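Peer 1: Here you go, one structure.
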Amino acid sequence: MTTAKMNHLLYEIGIEEIPSGYIENAVQSASQTFQSLMTACGYQSDSIEVHATPRRFVVFASNLQKLGSQFEERVGLSREQAYRDGKPTPALEGFLRSVGKKETDINWKETPRGVRACVEIRKEVKPLKHLFETLPNSLEFPKLMRWDASHLRFTRPIRWTFALVGRQVQKYKIGLVASGHDTYGHRFLSNRKIRVLSADLTAYEKLLRRNHVVLRQEARIAQIKKLIQSSHNHDQTLIEKVANLVEEPFLVKGTFDQAYLKLPHEVLSTAMRHHQQIFACYDKQGRLQNKFFAIINGKRQATQVIAKNYENVLVSRLEDARFFYKEDLKTKLEKKVEKLKELIFLGKLGSYHDKMIRVRKLAAFLAGHAEKSGLLKSHQVSEKELIHLTDRTALLSKADLMTHLVYEFPELQGVAGAEYAKYDGEKKEVYQAISQHYLPLSLSENYETLKARMNLPAFFVSLSDRFDLLAGALGMGIEISGSRDPYALRRASGGLAKLIRAFKLSFSISETIRFAFKQYGHPFKVHETEIQKKVSELLKERTGFELQLKSGTKSYEIFQAVYASASDDLADVYARYEALKSAYEKNQEEFLKACKVIERTGNILKGVEGTVKGQVNPTIFEHEAEKALYQLVCHEEPVFSQLVSAKQYDTITTQYSRKFYAPLHRFFDEVLVNVEDHEIRSNRQALVKKVNAIFTDKMADLALVTNQ
């Protein structure tokens, strides 16, 4: 059977070139939204792929098929609520009216809430064209504009679109653009209509390749890596950025005057990377050469002319850099700290000099947690020396914002400061940390790689910088909504999640926010507790992103379970998540038994959690099973408490299931918890709560993990 006969879906939106930085978030939002839109239209598929180039967004859904059931069940009232004196109550009549049903349509069914009135209603299913017309509005972009009279807002003008299900062409409109049957090739090398015959992704990709378009980003990245191999430049961030600038990578080589190599190499490479997206070249020993590689969009004639144009632009930038660098060296970096009073931070939050003072205090506060996290021992540094180096780094960290070089080349902040601090004779740990405290530059960077690139002073200043931003911005009442995040608070939170995962620093998030909040010294619009709540929500979201969790997976459920128990120490959240994930992978049977214990005890406690007393009175036990369970709890409670305190999480889940699964089931088989006698009922509920709390209080609420 060919792929076209399986009713795959292929959908393309053709656009004018969009900035490379817009593509990643748009692809993610398309992937998340397409599934829900497909369900709303009454369809499902085996898998969904989203691909993008600067000129097109493509979605492929394999084996598209209609959902099995077009009906859903609505659960309503109990018999007592539905009838009074044998007649329907107004509540029942209102329920039936809301679902468009009659009394004869009711089925009485047993539910977790008891016997309830249930009715079956037809799901509202939208036509498939709704998916194609709605998806463009769901893509997340930093900026949107209206391009025609339809009032559709999109990041760039849409020029064409098509959708195929198997070989069937779908009819719809995006704004004023009607769907067709064609795609287009490379803008310069094959800018013509190309008929797409079926929703065969492999054939479609080959068709694009013949017309100078490489659809998959990973394929473009592989081509670029091969083209620049001899440059010995492995800048993954730049490679990914350039891959989203072109539809077909092609290499151009250029040179510049060796005299510019006297400038700090970081200044040279940064000027190349940020201003022209070109690759600096190094020899095998890592020494910078007076050469560069540029990736252009498709093969061209007269590449020497293109290379010369690159060279002319680069030389003008390097000449400026050389002049500003020499000017800045005339005064020491520390002398520029006082000038930070002239630079405003977030409008109403004082100056960068004020921020520097806050960050120094916050960094010292956080560095005080290094010993208990084992960081002093692993990095072979004393607490006194660490705090001194961290304080010096925090003092100088933003001083380069007042230099000529950074004013002209903002992307050199940190890099310039490190070079000037080195020239001034600062310690190696300090000048390296000045540059490193901006890391991570990309949230896609591996956390282990990040740790290898940062020293401890940089880590603590980086944490403090981000916490200070979150406390100030959220305190001012700045909100994040959809794609709107003007102060990059999601990015700051993502950086915190990655940094804490990398260095495993154990500390209280709420205490840190409280400390950061107080450093501002004036009242905010938003109360401190509300800021703590918002930071917690942001960190939960970004930690899930850092762990690359997908909704519906077992890993996602385990993470939700861990976060539900205790989430104030993010390093501990990571440790418990990894331990539980490993426990599930090693022994699913024991893991799911532990889940069952939490589920059954949790069900008994639903609705009465706040009223259950803490102490258990063993003198009023009536059954051997409850006596045995109580003795087990008394013996195991301190054991598990000690394991949690020592963070020995590897075996806790297995031990919990082995200790409590059988005794708890015996207890429920032989003992009725919810008896009429209030004292006995409360006592048994308290015992059940103790069994539950041994695990859920500090480890995870496994009731959130599906027991299958």
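The way I read the labels, and the way they are meant: chains A, B, ... in the order of the structure tokens, residue 1 as the first residue of every chain, and ligand 1 as the first ligand shown, with later ones counted on from there.
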So that I can check the surroundings of range 82-98 of chain A, please list as a PyMOL selection string every protein, DNA and RNA residue that reaches within 12 Å of it, counting only C-alpha atoms and ignoring chain neighbours fewer than 6 positions away.
Peer 2: chain A and resi 74-76+104-106+108+115-121
Peer 1: Could you please take those selected residues and save N, CA and C atoms as a PDB file, in the first residue's frame?
Peer 2:
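Produced file part-v1.pdb, reproduced below:
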```pdb
ATOM      1  N   ARG A  74     -22.923  12.893  29.240  1.00  0.00           N
ATOM      2  CA  ARG A  74     -23.014  13.949  30.244  1.00  0.00           C
ATOM      3  C   ARG A  74     -23.599  13.363  31.523  1.00  0.00           C
ATOM      4  N   VAL A  75     -22.913  13.576  32.636  1.00  0.00           N
ATOM      5  CA  VAL A  75     -23.352  13.058  33.931  1.00  0.00           C
ATOM      6  C   VAL A  75     -24.056  14.174  34.691  1.00  0.00           C
ATOM      7  N   GLY A  76     -25.249  13.873  35.204  1.00  0.00           N
ATOM      8  CA  GLY A  76     -26.046  14.905  35.855  1.00  0.00           C
ATOM      9  C   GLY A  76     -26.332  14.645  37.312  1.00  0.00           C
ATOM     10  N   THR A 104     -37.100  10.620  28.988  1.00  0.00           N
ATOM     11  CA  THR A 104     -36.990   9.226  28.539  1.00  0.00           C
ATOM     12  C   THR A 104     -35.587   8.881  28.047  1.00  0.00           C
ATOM     13  N   ASP A 105     -34.743   9.887  27.816  1.00  0.00           N
ATOM     14  CA  ASP A 105     -33.377   9.643  27.334  1.00  0.00           C
ATOM     15  C   ASP A 105     -32.397   9.353  28.467  1.00  0.00           C
ATOM     16  N   ILE A 106     -32.872   9.448  29.709  1.00  0.00           N
ATOM     17  CA  ILE A 106     -31.967   9.292  30.854  1.00  0.00           C
ATOM     18  C   ILE A 106     -31.595   7.827  31.058  1.00  0.00           C
ATOM     19  N   TRP A 108     -29.710   5.668  34.112  1.00  0.00           N
ATOM     20  CA  TRP A 108     -29.181   5.771  35.477  1.00  0.00           C
ATOM     21  C   TRP A 108     -27.974   4.852  35.605  1.00  0.00           C
ATOM     22  N   VAL A 115     -25.036   6.826  42.038  1.00  0.00           N
ATOM     23  CA  VAL A 115     -25.912   6.649  40.871  1.00  0.00           C
ATOM     24  C   VAL A 115     -26.347   8.022  40.367  1.00  0.00           C
ATOM     25  N   ARG A 116     -26.143   8.251  39.068  1.00  0.00           N
ATOM     26  CA  ARG A 116     -26.429   9.562  38.488  1.00  0.00           C
ATOM     27  C   ARG A 116     -27.215   9.438  37.189  1.00  0.00           C
ATOM     28  N   ALA A 117     -27.929  10.509  36.852  1.00  0.00           N
ATOM     29  CA  ALA A 117     -28.633  10.593  35.569  1.00  0.00           C
ATOM     30  C   ALA A 117     -27.609  10.888  34.481  1.00  0.00           C
ATOM     31  N   CYS A 118     -27.540  10.003  33.474  1.00  0.00           N
ATOM     32  CA  CYS A 118     -26.583  10.177  32.389  1.00  0.00           C
ATOM     33  C   CYS A 118     -27.328  10.228  31.058  1.00  0.00           C
ATOM     34  N   VAL A 119     -26.897  11.110  30.181  1.00  0.00           N
ATOM     35  CA  VAL A 119     -27.477  11.178  28.840  1.00  0.00           C
ATOM     36  C   VAL A 119     -26.348  11.213  27.826  1.00  0.00           C
ATOM     37  N   GLU A 120     -26.627  10.675  26.654  1.00  0.00           N
ATOM     38  CA  GLU A 120     -25.640  10.629  25.579  1.00  0.00           C
ATOM     39  C   GLU A 120     -25.973  11.720  24.572  1.00  0.00           C
ATOM     40  N   ILE A 121     -24.994  12.576  24.279  1.00  0.00           N
ATOM     41  CA  ILE A 121     -25.237  13.655  23.319  1.00  0.00           C
ATOM     42  C   ILE A 121     -24.217  13.579  22.191  1.00  0.00           C
TER      43      ILE A 121
END
```
Peer 1: Tell me, as a PyMOL selection string, which residues lie within 12 Å of range 670-680 of chain A, counting only C-alpha atoms; anything in the same chain fewer than 6 positions away does not count.
Peer 2: chain A and resi 600-601+603-606+608+611-613+615-629+663-664+686-689
Peer 1: Provide the CA of Glu599 in chain A to CA of Ala571 in chain A distance in Å, to one decimal place.
Peer 2: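 Separation between CA of Glu599 in chain A and CA of Ala571 in chain A: 26.3 Å.
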Peer 1: Would you mind reading off the distance between CA of Ala367 in chain A and CA of Asp485 in chain A, one decimal, in Å?
Peer 2: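 Rounded to one decimal, the two atoms are 29.4 Å apart.
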Peer 1: May I have all residues of range 170-351 of chain A that DSSP, computed from the backbone, assigns to strand (DSSP E or B), given as a tab-separated table (two decimals) with C-alpha atoms, in the first residue's frame?
Peer 2:
```tsv
chain	number	residue	atom	x	y	z
A	173	LYS	CA	-9.44	30.30	2.70
A	174	ILE	CA	-6.85	31.90	4.97
A	177	VAL	CA	-5.87	33.60	0.10
A	178	ALA	CA	-7.82	30.67	-1.37
A	180	GLY	CA	-4.94	25.59	-4.23
A	182	ASP	CA	0.35	23.84	-5.70
A	183	THR	CA	3.47	24.73	-3.77
A	184	TYR	CA	6.42	26.90	-4.81
A	193	LYS	CA	4.10	26.75	-9.20
A	194	ILE	CA	4.64	23.06	-8.56
A	195	ARG	CA	1.69	20.66	-8.50
A	249	PRO	CA	22.44	25.97	2.34
A	250	PHE	CA	25.40	27.01	0.16
A	251	LEU	CA	28.90	27.99	1.35
A	252	VAL	CA	30.79	31.22	0.62
A	253	LYS	CA	34.34	31.79	1.97
A	254	GLY	CA	35.97	35.12	2.80
A	255	THR	CA	38.99	36.72	4.51
A	279	PHE	CA	31.26	31.58	11.08
A	280	ALA	CA	34.69	32.52	12.41
A	281	CYS	CA	37.38	30.03	11.35
A	282	TYR	CA	39.89	28.37	13.68
A	288	LEU	CA	41.33	32.23	15.35
A	289	GLN	CA	42.18	32.71	11.67
A	290	ASN	CA	41.62	35.72	9.40
A	291	LYS	CA	38.95	33.76	7.50
A	292	PHE	CA	35.21	33.30	7.71
A	293	PHE	CA	32.53	31.04	6.24
A	294	ALA	CA	29.08	32.34	5.27
A	295	ILE	CA	25.99	30.28	4.47
A	296	ILE	CA	23.75	31.77	1.79
A	297	ASN	CA	20.32	30.77	0.53
A	344	ILE	CA	17.42	52.92	34.11
A	351	SER	CA	18.96	52.19	37.99
```
Peer 1: Neighbouring residues of Thr53 in chain A were defined as those with any atom within 8 Å, considering only C-alpha atoms; residues of the same chain fewer than 4 positions away were excluded. Please report them as number ranges by chain.
Peer 2: A: 23, 57, 215-217, 244-247
Peer 1: Please produce a file of those selected residues containing C-alpha atoms, as a compact mmCIF listing (two decimals), in the first residue's frame.
Peer 2:
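Writing the result to selection_39.txt gives the following:
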```txt
# COMPACT_ATOMS: atom_id res chain seq x y z
CA ILE A 23 10.35 29.69 13.68
CA PHE A 57 5.04 25.95 7.40
CA LEU A 215 12.21 20.94 4.19
CA ARG A 216 13.56 19.45 7.43
CA GLN A 217 15.56 21.71 9.71
CA ASN A 244 16.28 28.82 9.69
CA LEU A 245 17.54 31.60 7.40
CA VAL A 246 17.88 29.45 4.29
CA GLU A 247 15.93 26.84 2.33
```
Peer 1: Taking only range 535-697 of chain A into account, list the residues labelled alpha helix (DSSP H) by DSSP (computed from the backbone), as JSON, numbers by chain.
Peer 2: {"A": [535, 536, 537, 538, 539, 540, 541, 542, 543, 544, 545, 546, 554, 555, 556, 557, 558, 559, 560, 561, 562, 563, 564, 565, 570, 571, 572, 573, 574, 575, 576, 577, 578, 579, 580, 581, 582, 583, 584, 585, 586, 588, 589, 590, 591, 592, 593, 594, 595, 596, 597, 598, 599, 600, 601, 602, 603, 604, 605, 624, 625, 626, 627, 628, 629, 630, 631, 632, 633, 634, 635, 636, 637, 638, 639, 640, 641, 642, 643, 644, 645, 652, 653, 654, 655, 656, 657, 658, 659, 660, 661, 662, 663, 664, 665, 666, 667, 668, 669, 670, 678, 679, 680, 681, 682, 683, 684, 685, 686, 687, 688, 689, 690, 691, 692, 693, 694, 695, 696]}
Peer 1: Excluding range 423-437 of chain A and residues on its chain fewer than 5 positions from it, collect all residues at most 7 Å away from it, counting only C-alpha atoms, and give them as a list in words.
Peer 2: Lys332, Leu389, Arg392, Thr393, Ser397, Gly414, Val415, Gly417, Ala418, Met454, Asn455, Pro457, Ala458, Phe459, Val461 and Ser462 of chain A
Peer 1: Do you know which residues are at most 7 Å from range 532-543 of chain A counting only C-alpha atoms, after dropping those on the same chain fewer than 4 positions away, and could you put them as a PDB file with C-alpha atoms, in the first residue's frame?
Peer 2:
```
ATOM      1  CA  ARG A 490       9.640  32.945  30.572  1.00  0.00           C
ATOM      2  CA  SER A 493      12.468  31.257  34.413  1.00  0.00           C
ATOM      3  CA  GLY A 494      13.732  28.743  31.869  1.00  0.00           C
ATOM      4  CA  ALA A 497      15.239  25.819  35.726  1.00  0.00           C
ATOM      5  CA  SER A 510       9.927  31.103  48.217  1.00  0.00           C
ATOM      6  CA  ILE A 513      11.805  35.478  46.204  1.00  0.00           C
ATOM      7  CA  GLU A 528       4.751  39.145  47.933  1.00  0.00           C
ATOM      8  CA  LEU A 547      12.572  17.959  30.949  1.00  0.00           C
TER       9      LEU A 547
END
```
Peer 1: One decimal, in Å: what's the spacing between CA of Thr202 in chain A and CA of Asn137 in chain A?
Peer 2: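 Taking CA of Thr202 in chain A as the start and CA of Asn137 in chain A as the end point, the length is 27.6 Å.
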Peer 1: Just want the 12 Å neighbourhood of range 321-326 of chain A, counted on only C-alpha atoms, with same-chain residues fewer than 3 positions away dropped. Output as a ChimeraX atom specification.
Peer 2: /A:259-272,314-318,329-332,400,402-410,412,415-417,419-420,423
Peer 1: Find the residues around Lys593 in chain A up to 7 Å (only C-alpha atoms counted), leave out those fewer than 4 positions away in its own chain, and share them as a list in words.
Peer 2: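 Neighbouring residues, sequence-local ones excluded: Glu589, Val597, Ser657 and Tyr661 of chain A.
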Peer 1: Smallest atom-to-atom distance to Tyr204 in chain A: which of A:Leu9, A:Lys372, A:Gln32, A:Gly495, using only C-alpha atoms?
Peer 2: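 Ranking A:Leu9, A:Lys372, A:Gln32, A:Gly495 by distance to Tyr204 in chain A, first place goes to A:Leu9.
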Peer 1: Let me make sure I understand: among A:Asn309, A:Leu441, A:Leu470, A:Ile509, which one has the smallest atom-to-atom distance to Leu366 in chain A if we use only C-alpha atoms?
Peer 2: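 So, comparing all the options, the nearest one is A:Ile509.
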